[in-house]
>>> print(open('structure.cif').read())   # mmCIF, C-alpha atoms and all ligand atoms
data_structure
loop_
_atom_site.group_PDB
_atom_site.id
_atom_site.type_symbol
_atom_site.label_atom_id
_atom_site.label_comp_id
_atom_site.auth_asym_id
_atom_site.auth_seq_id
_atom_site.Cartn_x
_atom_site.Cartn_y
_atom_site.Cartn_z
ATOM 1 C CA MET A 1 3.834 -6.117 -16.365
ATOM 2 C CA GLN A 2 6.758 -5.238 -14.124
ATOM 3 C CA GLU A 3 6.290 -5.227 -10.356
ATOM 4 C CA SER A 4 8.176 -2.149 -9.437
ATOM 5 C CA LEU A 5 8.328 1.454 -8.396
ATOM 6 C CA THR A 6 10.301 3.854 -10.575
ATOM 7 C CA LYS A 7 11.212 7.395 -9.568
ATOM 8 C CA PHE A 8 11.811 10.151 -12.080
ATOM 9 C CA VAL A 9 12.491 13.856 -12.125
ATOM 10 C CA PHE A 10 11.805 16.576 -14.666
ATOM 11 C CA LEU A 11 14.958 18.417 -15.655
ATOM 12 C CA ASN A 12 13.043 21.370 -17.052
ATOM 13 C CA HIS A 13 10.583 21.752 -14.139
ATOM 14 C CA GLN A 14 10.917 21.534 -10.353
ATOM 15 C CA ILE A 15 8.743 18.417 -10.339
ATOM 16 C CA LYS A 16 9.477 14.829 -9.348
ATOM 17 C CA GLY A 17 7.410 11.728 -9.833
ATOM 18 C CA GLU A 18 6.973 8.001 -9.305
ATOM 19 C CA ILE A 19 5.341 5.207 -11.266
ATOM 20 C CA ILE A 20 4.234 1.950 -9.663
ATOM 21 C CA GLN A 21 2.933 -1.244 -11.284
ATOM 22 C CA VAL A 22 1.812 -4.330 -9.377
ATOM 23 C CA ASN A 23 0.179 -7.604 -10.343
ATOM 24 C CA LYS A 24 1.476 -10.933 -8.958
ATOM 25 C CA VAL A 25 2.367 -9.352 -5.622
ATOM 26 C CA PHE A 26 -1.237 -8.267 -5.117
ATOM 27 C CA GLU A 27 -2.472 -11.682 -6.202
ATOM 28 C CA GLU A 28 -0.275 -13.235 -3.515
ATOM 29 C CA PHE A 29 -1.513 -10.572 -1.107
ATOM 30 C CA THR A 30 -5.187 -11.452 -1.581
ATOM 31 C CA VAL A 31 -5.261 -15.054 -2.830
ATOM 32 C CA HIS A 32 -6.179 -16.686 0.503
ATOM 33 C CA LYS A 33 -8.981 -14.184 1.176
ATOM 34 C CA ASN A 34 -12.229 -14.181 -0.649
ATOM 35 C CA TYR A 35 -12.502 -10.394 -0.766
ATOM 36 C CA PRO A 36 -15.597 -9.032 -2.513
ATOM 37 C CA GLN A 37 -14.536 -6.997 -5.588
ATOM 38 C CA PRO A 38 -15.352 -3.551 -4.085
ATOM 39 C CA VAL A 39 -13.236 -4.360 -1.009
ATOM 40 C CA LYS A 40 -10.395 -5.677 -3.136
ATOM 41 C CA LYS A 41 -10.505 -2.524 -5.246
ATOM 42 C CA ILE A 42 -10.135 -0.189 -2.254
ATOM 43 C CA LEU A 43 -7.430 -2.375 -0.749
ATOM 44 C CA GLY A 44 -5.638 -2.203 -4.118
ATOM 45 C CA GLU A 45 -5.963 1.595 -4.204
ATOM 46 C CA LEU A 46 -4.634 1.839 -0.663
ATOM 47 C CA PHE A 47 -1.763 -0.484 -1.631
ATOM 48 C CA ILE A 48 -0.765 1.822 -4.493
ATOM 49 C CA ALA A 49 -1.202 5.019 -2.451
ATOM 50 C CA THR A 50 0.837 3.647 0.470
ATOM 51 C CA ASN A 51 3.751 2.553 -1.696
ATOM 52 C CA LEU A 52 3.762 5.878 -3.542
ATOM 53 C CA MET A 53 3.806 7.628 -0.156
ATOM 54 C CA ALA A 54 6.600 5.336 1.103
ATOM 55 C CA ALA A 55 8.711 6.348 -1.891
ATOM 56 C CA THR A 56 8.510 10.007 -0.825
ATOM 57 C CA LEU A 57 10.088 9.224 2.580
ATOM 58 C CA LYS A 58 13.644 10.427 2.938
ATOM 59 C CA PHE A 59 14.662 7.851 5.563
ATOM 60 C CA LYS A 60 14.530 4.126 6.298
ATOM 61 C CA GLY A 61 11.436 2.970 8.098
ATOM 62 C CA LYS A 62 7.842 1.820 7.864
ATOM 63 C CA ILE A 63 4.593 3.429 6.871
ATOM 64 C CA THR A 64 1.157 2.154 7.805
ATOM 65 C CA THR A 65 -2.052 3.496 6.347
ATOM 66 C CA GLN A 66 -5.299 2.543 7.953
ATOM 67 C CA ILE A 67 -8.825 3.285 6.792
ATOM 68 C CA GLN A 68 -11.305 3.233 9.678
ATOM 69 C CA GLY A 69 -14.965 3.823 9.068
ATOM 70 C CA ASN A 70 -18.510 2.889 9.940
ATOM 71 C CA GLY A 71 -19.456 1.586 6.484
ATOM 72 C CA PRO A 72 -19.623 -2.023 5.231
ATOM 73 C CA LEU A 73 -15.835 -1.878 4.788
ATOM 74 C CA ASN A 74 -14.776 -0.798 8.254
ATOM 75 C CA LEU A 75 -11.039 -1.428 8.195
ATOM 76 C CA ALA A 76 -8.332 -1.596 5.553
ATOM 77 C CA VAL A 77 -4.667 -1.597 6.470
ATOM 78 C CA ILE A 78 -1.501 -1.565 4.406
ATOM 79 C CA ASN A 79 1.949 -1.637 5.901
ATOM 80 C CA THR A 80 5.042 -1.103 3.779
ATOM 81 C CA THR A 81 8.698 -0.215 4.184
ATOM 82 C CA ASN A 82 11.127 2.076 2.393
ATOM 83 C CA ASN A 83 12.038 -1.098 0.433
ATOM 84 C CA PHE A 84 8.391 -1.674 -0.507
ATOM 85 C CA ILE A 85 7.867 -4.900 1.460
ATOM 86 C CA ASN A 86 4.108 -5.056 1.982
ATOM 87 C CA LYS A 87 1.505 -6.683 4.161
ATOM 88 C CA GLY A 88 -2.105 -5.768 4.813
ATOM 89 C CA THR A 89 -5.657 -6.827 5.381
ATOM 90 C CA ALA A 90 -9.300 -5.654 5.386
ATOM 91 C CA ARG A 91 -12.365 -6.234 7.570
ATOM 92 C CA TYR A 92 -15.862 -5.886 6.234
ATOM 93 C CA ASP A 93 -19.434 -7.072 6.520
ATOM 94 C CA THR A 94 -20.087 -9.277 3.480
ATOM 95 C CA LYS A 95 -23.870 -9.015 3.817
ATOM 96 C CA LEU A 96 -23.815 -5.222 3.432
ATOM 97 C CA ILE A 97 -21.527 -5.040 0.425
ATOM 98 C CA LYS A 98 -23.079 -4.437 -2.962
ATOM 99 C CA LYS A 99 -21.298 -4.616 -6.265
ATOM 100 C CA ASP A 100 -21.527 -1.025 -7.426
ATOM 101 C CA MET A 101 -21.029 0.823 -4.151
ATOM 102 C CA SER A 102 -19.135 4.088 -4.349
ATOM 103 C CA PHE A 103 -16.070 4.879 -2.272
ATOM 104 C CA LYS A 104 -18.196 6.819 0.249
ATOM 105 C CA GLN A 105 -20.958 4.200 0.441
ATOM 106 C CA LEU A 106 -18.419 1.492 1.216
ATOM 107 C CA LEU A 107 -16.586 3.422 3.903
ATOM 108 C CA GLY A 108 -19.328 5.498 5.516
ATOM 109 C CA ASP A 109 -17.893 8.138 7.836
ATOM 110 C CA ALA A 110 -14.254 7.276 7.651
ATOM 111 C CA GLN A 111 -10.782 8.528 8.267
ATOM 112 C CA LEU A 112 -7.335 7.628 7.074
ATOM 113 C CA ILE A 113 -4.617 7.300 9.684
ATOM 114 C CA VAL A 114 -1.089 7.524 8.341
ATOM 115 C CA SER A 115 1.606 6.326 10.751
ATOM 116 C CA ILE A 116 5.229 6.842 9.848
ATOM 117 C CA GLU A 117 7.848 4.996 11.829
ATOM 118 C CA PRO A 118 11.469 5.848 11.016
ATOM 119 C CA ASP A 119 14.035 3.158 11.972
ATOM 120 C CA GLN A 120 15.773 5.955 13.849
ATOM 121 C CA GLY A 121 13.744 8.744 15.331
ATOM 122 C CA GLU A 122 10.259 9.514 16.499
ATOM 123 C CA LYS A 123 7.145 7.910 15.134
ATOM 124 C CA TYR A 124 4.515 10.342 13.877
ATOM 125 C CA GLN A 125 0.937 10.177 12.766
ATOM 126 C CA GLY A 126 -1.413 12.142 10.552
ATOM 127 C CA VAL A 127 -5.179 11.768 10.300
ATOM 128 C CA ILE A 128 -7.371 12.935 7.449
ATOM 129 C CA ALA A 129 -11.084 12.659 6.883
ATOM 130 C CA LEU A 130 -12.034 10.447 3.943
ATOM 131 C CA ASP A 131 -14.694 12.888 2.837
ATOM 132 C CA LYS A 132 -13.883 13.129 -0.867
ATOM 133 C CA ASP A 133 -15.031 10.942 -3.738
ATOM 134 C CA SER A 134 -11.826 8.998 -4.159
ATOM 135 C CA LEU A 135 -8.846 7.869 -2.164
ATOM 136 C CA SER A 136 -6.436 9.776 -4.416
ATOM 137 C CA ASP A 137 -8.251 13.072 -3.702
ATOM 138 C CA CYS A 138 -7.970 12.391 0.030
ATOM 139 C CA ILE A 139 -4.250 11.583 -0.190
ATOM 140 C CA LYS A 140 -3.656 14.791 -2.147
ATOM 141 C CA GLN A 141 -5.240 16.606 0.771
ATOM 142 C CA TYR A 142 -2.962 14.737 3.186
ATOM 143 C CA PHE A 143 0.189 15.952 1.418
ATOM 144 C CA LEU A 144 -1.096 19.501 1.279
ATOM 145 C CA GLN A 145 -2.118 19.477 4.929
ATOM 146 C CA SER A 146 0.840 17.662 6.474
ATOM 147 C CA GLU A 147 3.695 18.754 4.249
ATOM 148 C CA GLN A 148 2.377 21.770 2.330
ATOM 149 C CA ILE A 149 3.479 20.073 -0.878
ATOM 150 C CA ASP A 150 1.449 20.147 -4.062
ATOM 151 C CA THR A 151 0.967 16.505 -4.962
ATOM 152 C CA ASP A 152 -1.207 14.668 -7.405
ATOM 153 C CA LEU A 153 -1.885 10.961 -7.705
ATOM 154 C CA ILE A 154 -3.352 8.785 -10.375
ATOM 155 C CA ILE A 155 -4.479 5.396 -9.093
ATOM 156 C CA ARG A 156 -5.829 2.722 -11.425
ATOM 157 C CA VAL A 157 -7.047 -0.651 -10.186
ATOM 158 C CA ASP A 158 -8.609 -3.562 -12.039
ATOM 159 C CA ALA A 159 -9.304 -5.852 -9.099
ATOM 160 C CA ASN A 160 -10.604 -8.677 -11.320
ATOM 161 C CA ILE A 161 -7.179 -9.342 -12.774
ATOM 162 C CA ASN A 162 -5.057 -7.917 -9.949
ATOM 163 C CA ASN A 163 -3.747 -5.073 -12.075
ATOM 164 C CA LEU A 164 -2.740 -2.093 -9.990
ATOM 165 C CA ALA A 165 -0.839 0.981 -11.076
ATOM 166 C CA GLY A 166 -0.273 4.562 -10.091
ATOM 167 C CA ILE A 167 1.612 7.759 -10.758
ATOM 168 C CA LEU A 168 2.546 10.385 -8.192
ATOM 169 C CA LEU A 169 3.680 13.870 -9.143
ATOM 170 C CA GLN A 170 5.019 16.338 -6.641
ATOM 171 C CA LYS A 171 6.276 19.893 -6.849
ATOM 172 C CA LEU A 172 9.774 20.262 -5.460
ATOM 173 C CA PRO A 173 10.431 23.181 -3.111
ATOM 174 C CA SER A 174 11.733 26.084 -5.169
ATOM 175 C CA ASN A 175 15.482 26.237 -5.148
ATOM 176 C CA SER A 176 17.056 29.682 -5.173
ATOM 177 C CA ASP A 177 20.223 28.303 -6.829
ATOM 178 C CA SER A 178 18.267 27.024 -9.746
ATOM 179 C CA ASP A 179 16.984 29.073 -12.620
ATOM 180 C CA ILE A 180 14.220 26.529 -13.175
ATOM 181 C CA THR A 181 10.976 27.747 -11.760
ATOM 182 C CA THR A 182 7.834 25.742 -11.427
ATOM 183 C CA ASP A 183 4.826 27.879 -11.585
ATOM 184 C CA LEU A 184 1.448 26.313 -11.072
ATOM 185 C CA ASN A 185 0.990 26.306 -14.835
ATOM 186 C CA SER A 186 3.807 23.878 -15.493
ATOM 187 C CA PHE A 187 2.583 21.608 -12.676
ATOM 188 C CA GLU A 188 -0.904 21.711 -14.154
ATOM 189 C CA HIS A 189 0.552 21.035 -17.584
ATOM 190 C CA VAL A 190 2.400 17.918 -16.366
ATOM 191 C CA LEU A 191 -0.718 16.711 -14.510
ATOM 192 C CA THR A 192 -2.856 17.152 -17.604
ATOM 193 C CA LEU A 193 -0.408 15.072 -19.625
ATOM 194 C CA ALA A 194 -0.247 12.364 -16.914
ATOM 195 C CA ASN A 195 -4.032 12.085 -16.803
ATOM 196 C CA THR A 196 -4.139 11.124 -20.482
ATOM 197 C CA ILE A 197 -2.727 7.682 -19.597
ATOM 198 C CA LYS A 198 -5.107 4.866 -20.463
ATOM 199 C CA ASN A 199 -5.560 1.778 -18.312
ATOM 200 C CA ASP A 200 -4.109 -0.638 -20.849
ATOM 201 C CA GLU A 201 -1.051 1.626 -21.183
ATOM 202 C CA ILE A 202 -0.395 2.036 -17.463
ATOM 203 C CA PHE A 203 -0.938 -1.705 -16.883
ATOM 204 C CA GLU A 204 1.002 -3.018 -19.882
ATOM 205 C CA LEU A 205 3.813 -0.622 -20.847
ATOM 206 C CA SER A 206 7.205 -0.473 -19.123
ATOM 207 C CA PRO A 207 7.836 2.564 -16.874
ATOM 208 C CA ASN A 208 10.152 4.035 -19.513
ATOM 209 C CA ASP A 209 7.567 3.608 -22.240
ATOM 210 C CA ILE A 210 4.873 5.185 -20.065
ATOM 211 C CA LEU A 211 7.104 8.194 -19.410
ATOM 212 C CA TYR A 212 7.909 8.482 -23.102
ATOM 213 C CA ARG A 213 4.235 8.176 -24.007
ATOM 214 C CA LEU A 214 3.301 10.964 -21.545
ATOM 215 C CA PHE A 215 6.258 13.315 -21.463
ATOM 216 C CA ASN A 216 8.275 12.942 -24.664
ATOM 217 C CA GLN A 217 8.251 16.723 -25.078
ATOM 218 C CA GLU A 218 9.806 17.176 -21.624
ATOM 219 C CA LYS A 219 13.252 16.383 -20.235
ATOM 220 C CA VAL A 220 12.829 13.494 -17.793
ATOM 221 C CA LYS A 221 15.536 11.653 -15.883
ATOM 222 C CA VAL A 222 14.461 8.129 -14.893
ATOM 223 C CA PHE A 223 16.008 6.267 -11.961
ATOM 224 C CA GLU A 224 16.430 2.522 -11.581
ATOM 225 C CA SER A 225 13.227 0.616 -10.756
ATOM 226 C CA GLU A 226 12.859 -0.826 -7.261
ATOM 227 C CA ALA A 227 11.084 -4.143 -6.595
ATOM 228 C CA ILE A 228 7.734 -4.365 -4.794
ATOM 229 C CA SER A 229 7.154 -7.452 -2.653
ATOM 230 C CA PHE A 230 4.814 -9.128 -0.206
ATOM 231 C CA ASN A 231 6.057 -10.492 3.091
ATOM 232 C CA CYS A 232 3.676 -11.161 5.952
ATOM 233 C CA GLY A 233 6.550 -11.933 8.313
ATOM 234 C CA CYS A 234 4.997 -15.062 9.819
ATOM 235 C CA SER A 235 7.197 -18.065 10.639
ATOM 236 C CA GLN A 236 7.271 -21.306 12.590
ATOM 237 C CA ASP A 237 9.641 -19.662 15.078
ATOM 238 C CA LYS A 238 7.262 -16.773 15.796
ATOM 239 C CA SER A 239 4.324 -19.160 16.207
ATOM 240 C CA ASP A 240 6.397 -21.332 18.570
ATOM 241 C CA THR A 241 7.092 -18.235 20.657
ATOM 242 C CA VAL A 242 3.383 -17.393 20.838
ATOM 243 C CA VAL A 243 2.495 -20.895 22.050
ATOM 244 C CA ARG A 244 5.386 -20.932 24.542
ATOM 245 C CA SER A 245 4.208 -17.621 25.943
ATOM 246 C CA LEU A 246 0.876 -19.260 26.841
ATOM 247 C CA GLY A 247 2.657 -21.516 29.335
ATOM 248 C CA LEU A 248 2.300 -25.311 29.451
ATOM 249 C CA GLU A 249 -0.805 -25.282 31.616
ATOM 250 C CA GLU A 250 -2.786 -22.924 29.347
ATOM 251 C CA ALA A 251 -1.526 -24.732 26.228
ATOM 252 C CA ASN A 252 -2.761 -28.062 27.592
ATOM 253 C CA LYS A 253 -6.104 -26.511 28.493
ATOM 254 C CA ILE A 254 -6.676 -25.277 24.916
ATOM 255 C CA LEU A 255 -5.467 -28.630 23.624
ATOM 256 C CA SER A 256 -7.999 -30.542 25.715
ATOM 257 C CA GLU A 257 -10.802 -28.198 24.633
ATOM 258 C CA GLN A 258 -9.999 -27.945 20.919
ATOM 259 C CA GLY A 259 -7.783 -30.927 20.131
ATOM 260 C CA LYS A 260 -5.041 -28.654 18.773
ATOM 261 C CA ILE A 261 -3.758 -25.112 18.944
ATOM 262 C CA SER A 262 -4.047 -23.302 15.660
ATOM 263 C CA ILE A 263 -2.437 -19.992 14.753
ATOM 264 C CA ILE A 264 -3.485 -18.529 11.426
ATOM 265 C CA CYS A 265 -1.511 -15.675 9.850
ATOM 266 C CA GLU A 266 -4.016 -12.967 8.994
ATOM 267 C CA TYR A 267 -1.863 -11.711 6.119
ATOM 268 C CA CYS A 268 -1.019 -14.893 4.181
ATOM 269 C CA GLY A 269 -3.580 -17.335 5.606
ATOM 270 C CA LYS A 270 -0.970 -19.930 6.564
ATOM 271 C CA GLU A 271 -1.943 -22.122 9.494
ATOM 272 C CA TYR A 272 0.533 -23.180 12.149
ATOM 273 C CA TYR A 273 -0.940 -25.947 14.252
ATOM 274 C CA PHE A 274 0.268 -27.627 17.389
ATOM 275 C CA ASP A 275 -0.929 -31.061 18.477
ATOM 276 C CA LYS A 276 -0.070 -32.837 21.720
ATOM 277 C CA ASP A 277 3.338 -34.078 20.487
ATOM 278 C CA LYS A 278 4.389 -30.697 19.131
ATOM 279 C CA ILE A 279 3.407 -28.961 22.364
ATOM 280 C CA GLU A 280 5.352 -31.449 24.470
ATOM 281 C CA GLN A 281 8.432 -30.939 22.309
ATOM 282 C CA LEU A 282 8.061 -27.195 22.491
ATOM 283 C CA PHE A 283 8.052 -27.104 26.262
ATOM 284 C CA ILE A 284 10.761 -29.766 26.689
ATOM 285 C CA SER A 285 13.247 -28.090 24.405
ATOM 286 C CA HIS A 286 12.993 -24.833 26.371
HETATM 287 ZN ZN ZN A 301 1.934 -15.224 6.962
#
>>> encode(input="structure.cif", output="structure tokens", more="lines below")
Ligand SMILES: [Zn+2]
Amino acid sequence: MQESLTKFVFLNHQIKGEIIQVNKVFEEFTVHKNYPQPVKKILGELFIATNLMAATLKFKGKITTQIQGNGPLNLAVINTTNNFINKGTARYDTKLIKKDMSFKQLLGDAQLIVSIEPDQGEKYQGVIALDKDSLSDCIKQYFLQSEQIDTDLIIRVDANINNLAGILLQKLPSNSDSDITTDLNSFEHVLTLANTIKNDEIFELSPNDILYRLFNQEKVKVFESEAISFNCGCSQDKSDTVVRSLGLEEANKILSEQGKISIICEYCGKEYYFDKDKIEQLFISH
């Protein structure tokens, strides 16, 4: 499987689309956490949805999606960029999670907060209720509500083997210069075709082969695939800064109570620890 996002556009309809496939990146993303399968599945769905949403942005910046609810899974966050560099995490109550819980049972009363942060310009936020049976239905609602754009998403996740994939289809605004019109029928037609994709096809085939398999009767232009990656952003330097900001007195206090200062990255699980020698060095060199 490739780890990429590929955009495409129909030349005979005013419709554009994206395909995403992820495997190793999600493994890296979750390997240090012992997520229960239902949690991992929703985090995987949110991962796919967020990257598909990021690919619709027309500027450089970041997008964060956050599920907040009162169910056993009470928080799931994915943060990605216009270059598809991802980090994210989930919080949940292990004792309350059962294997076959539905989307609604896991989340309880929940909402999805979408924060979009352009590198240049104002940050903005949208909130939608997670009151439908699947995340993709809720995201469809988000596009309709916030951008008045007809959008459909297919999200497939096999959390056991870290296979994630998705397809987004979106109607383009009608263009008066163009003689191509997209009535609802042609959008429905394309959606019907897209929904015939089987899991083994969307997980195993290349983006080009998937598009051929689905739309070989249509005229589709495919753009170059873009890589998906994981980067939590933690580093020794950043951890040093955190410890320095405590001040020597506070650092020594923690040291005497706990024997060391430990900073654990919540995204990758890496531990940065500071013993007496390291702390002395840190405060001498600055
Ligand atoms: Zn990290």
>>> atom_distance(input="structure.cif", atom1="atom CA of Leu205 of chain A", atom2="atom CA of Arg156 of chain A")
13.9 Å
>>> resolve_selection(input="structure.cif", expression="the PyMOL selection byres (((chain A and resi 161-171) around 8) and not hetatm)", output="count of residues only")
38
>>> closest_residue(input="structure.cif", among="A:Leu11, A:Leu144, A:Leu246, A:Cys268", to="ligand ZN 301 (chain A)", atoms="only C-alpha atoms and all ligand atoms")
A:Cys268
>>> residues_near_ligand(input="structure.cif", ligand="ligand ZN 301 (chain A)", cutoff="6 Å", atoms="only C-alpha atoms and all ligand atoms", output="JSON list (two decimals) with C-alpha atoms, keeping the file's coordinate frame")
[["chain", "number", "residue", "atom", "x", "y", "z"],
["A", 232, "CYS", "CA", 3.68, -11.16, 5.95],
["A", 233, "GLY", "CA", 6.55, -11.93, 8.31],
["A", 234, "CYS", "CA", 5.00, -15.06, 9.82],
["A", 265, "CYS", "CA", -1.51, -15.68, 9.85],
["A", 267, "TYR", "CA", -1.86, -11.71, 6.12],
["A", 268, "CYS", "CA", -1.02, -14.89, 4.18],
["A", 270, "LYS", "CA", -0.97, -19.93, 6.56]]
>>> resolve_selection(input="structure.cif", expression="the PyMOL selection byres (((chain A and resi 89-102) around 12) and not hetatm)", output="VMD selection string")
chain A and resid 26 29 to 44 46 to 47 64 to 79 86 to 88 103 to 108 132 to 135 232 265 to 269
>>> atom_distance(input="structure.cif", atom1="atom CA of Asn208 of chain A", atom2="atom CA of Glu3 of chain A")
13.6 Å
>>> closest_residue(input="structure.cif", among="A:Ile116, A:Ala129, A:Ile85, A:Ile228", to="Phe59 of chain A", atoms="only C-alpha atoms")
A:Ile116
>>> axis_aligned_box(input="structure.cif", around="segment 90-94 of chain A", padding_each_side="4 Å", output="lines of an AutoDock Vina configuration file")
center_x = -14.7
center_y = -7.5
center_z = 5.5
size_x = 18.8
size_y = 11.6
size_z = 12.1
>>> atom_distance(input="structure.cif", atom1="atom CA of Glu218 of chain A", atom2="atom CA of Phe10 of chain A")
7.3 Å
>>> build_atoms(input="structure.cif", residues="segment 130-138 of chain A", atoms="all heavy atoms", output="compact mmCIF listing (two decimals), in the coordinates of the input")
# COMPACT_ATOMS: atom_id res chain seq x y z
N LEU A 130 -11.83 10.99 5.30
CA LEU A 130 -12.03 10.45 3.94
C LEU A 130 -13.38 10.97 3.44
O LEU A 130 -14.35 10.23 3.35
CB LEU A 130 -11.98 8.92 3.97
CG LEU A 130 -10.60 8.34 4.26
CD1 LEU A 130 -10.66 6.84 4.44
CD2 LEU A 130 -9.60 8.69 3.17
N ASP A 131 -13.41 12.26 3.17
CA ASP A 131 -14.69 12.89 2.84
C ASP A 131 -14.79 13.29 1.37
O ASP A 131 -15.68 14.02 0.97
CB ASP A 131 -14.94 14.09 3.75
CG ASP A 131 -13.77 15.06 3.73
OD1 ASP A 131 -12.82 14.83 2.96
OD2 ASP A 131 -13.81 16.05 4.47
N LYS A 132 -13.82 12.82 0.57
CA LYS A 132 -13.88 13.13 -0.87
C LYS A 132 -14.33 11.88 -1.63
O LYS A 132 -14.58 10.84 -1.03
CB LYS A 132 -12.53 13.63 -1.33
CG LYS A 132 -12.06 14.83 -0.50
CD LYS A 132 -11.10 15.69 -1.21
CE LYS A 132 -10.90 17.04 -0.59
NZ LYS A 132 -11.16 17.14 0.86
N ASP A 133 -14.45 12.04 -2.95
CA ASP A 133 -15.03 10.94 -3.74
C ASP A 133 -14.07 9.81 -4.06
O ASP A 133 -14.48 8.76 -4.53
CB ASP A 133 -15.61 11.48 -5.04
CG ASP A 133 -16.84 12.33 -4.76
OD1 ASP A 133 -17.50 12.08 -3.75
OD2 ASP A 133 -17.10 13.28 -5.53
N SER A 134 -12.78 10.06 -3.85
CA SER A 134 -11.83 9.00 -4.16
C SER A 134 -10.67 9.05 -3.17
O SER A 134 -10.42 10.08 -2.54
CB SER A 134 -11.28 9.18 -5.58
OG SER A 134 -10.42 10.30 -5.61
N LEU A 135 -9.99 7.93 -3.07
CA LEU A 135 -8.85 7.87 -2.16
C LEU A 135 -7.75 8.83 -2.62
O LEU A 135 -7.13 9.50 -1.80
CB LEU A 135 -8.32 6.43 -2.10
CG LEU A 135 -7.20 6.19 -1.10
CD1 LEU A 135 -7.67 6.44 0.33
CD2 LEU A 135 -6.65 4.78 -1.22
N SER A 136 -7.52 8.91 -3.95
CA SER A 136 -6.44 9.78 -4.42
C SER A 136 -6.70 11.24 -4.05
O SER A 136 -5.77 11.96 -3.66
CB SER A 136 -6.18 9.61 -5.91
OG SER A 136 -7.37 9.76 -6.62
N ASP A 137 -7.94 11.69 -4.11
CA ASP A 137 -8.25 13.07 -3.70
C ASP A 137 -7.94 13.29 -2.22
O ASP A 137 -7.47 14.36 -1.83
CB ASP A 137 -9.73 13.39 -3.96
CG ASP A 137 -9.99 13.62 -5.45
OD1 ASP A 137 -9.01 13.80 -6.20
OD2 ASP A 137 -11.16 13.60 -5.85
N CYS A 138 -8.23 12.26 -1.41
CA CYS A 138 -7.97 12.39 0.03
C CYS A 138 -6.46 12.42 0.31
O CYS A 138 -6.00 13.18 1.16
CB CYS A 138 -8.61 11.24 0.79
SG CYS A 138 -10.40 11.18 0.60
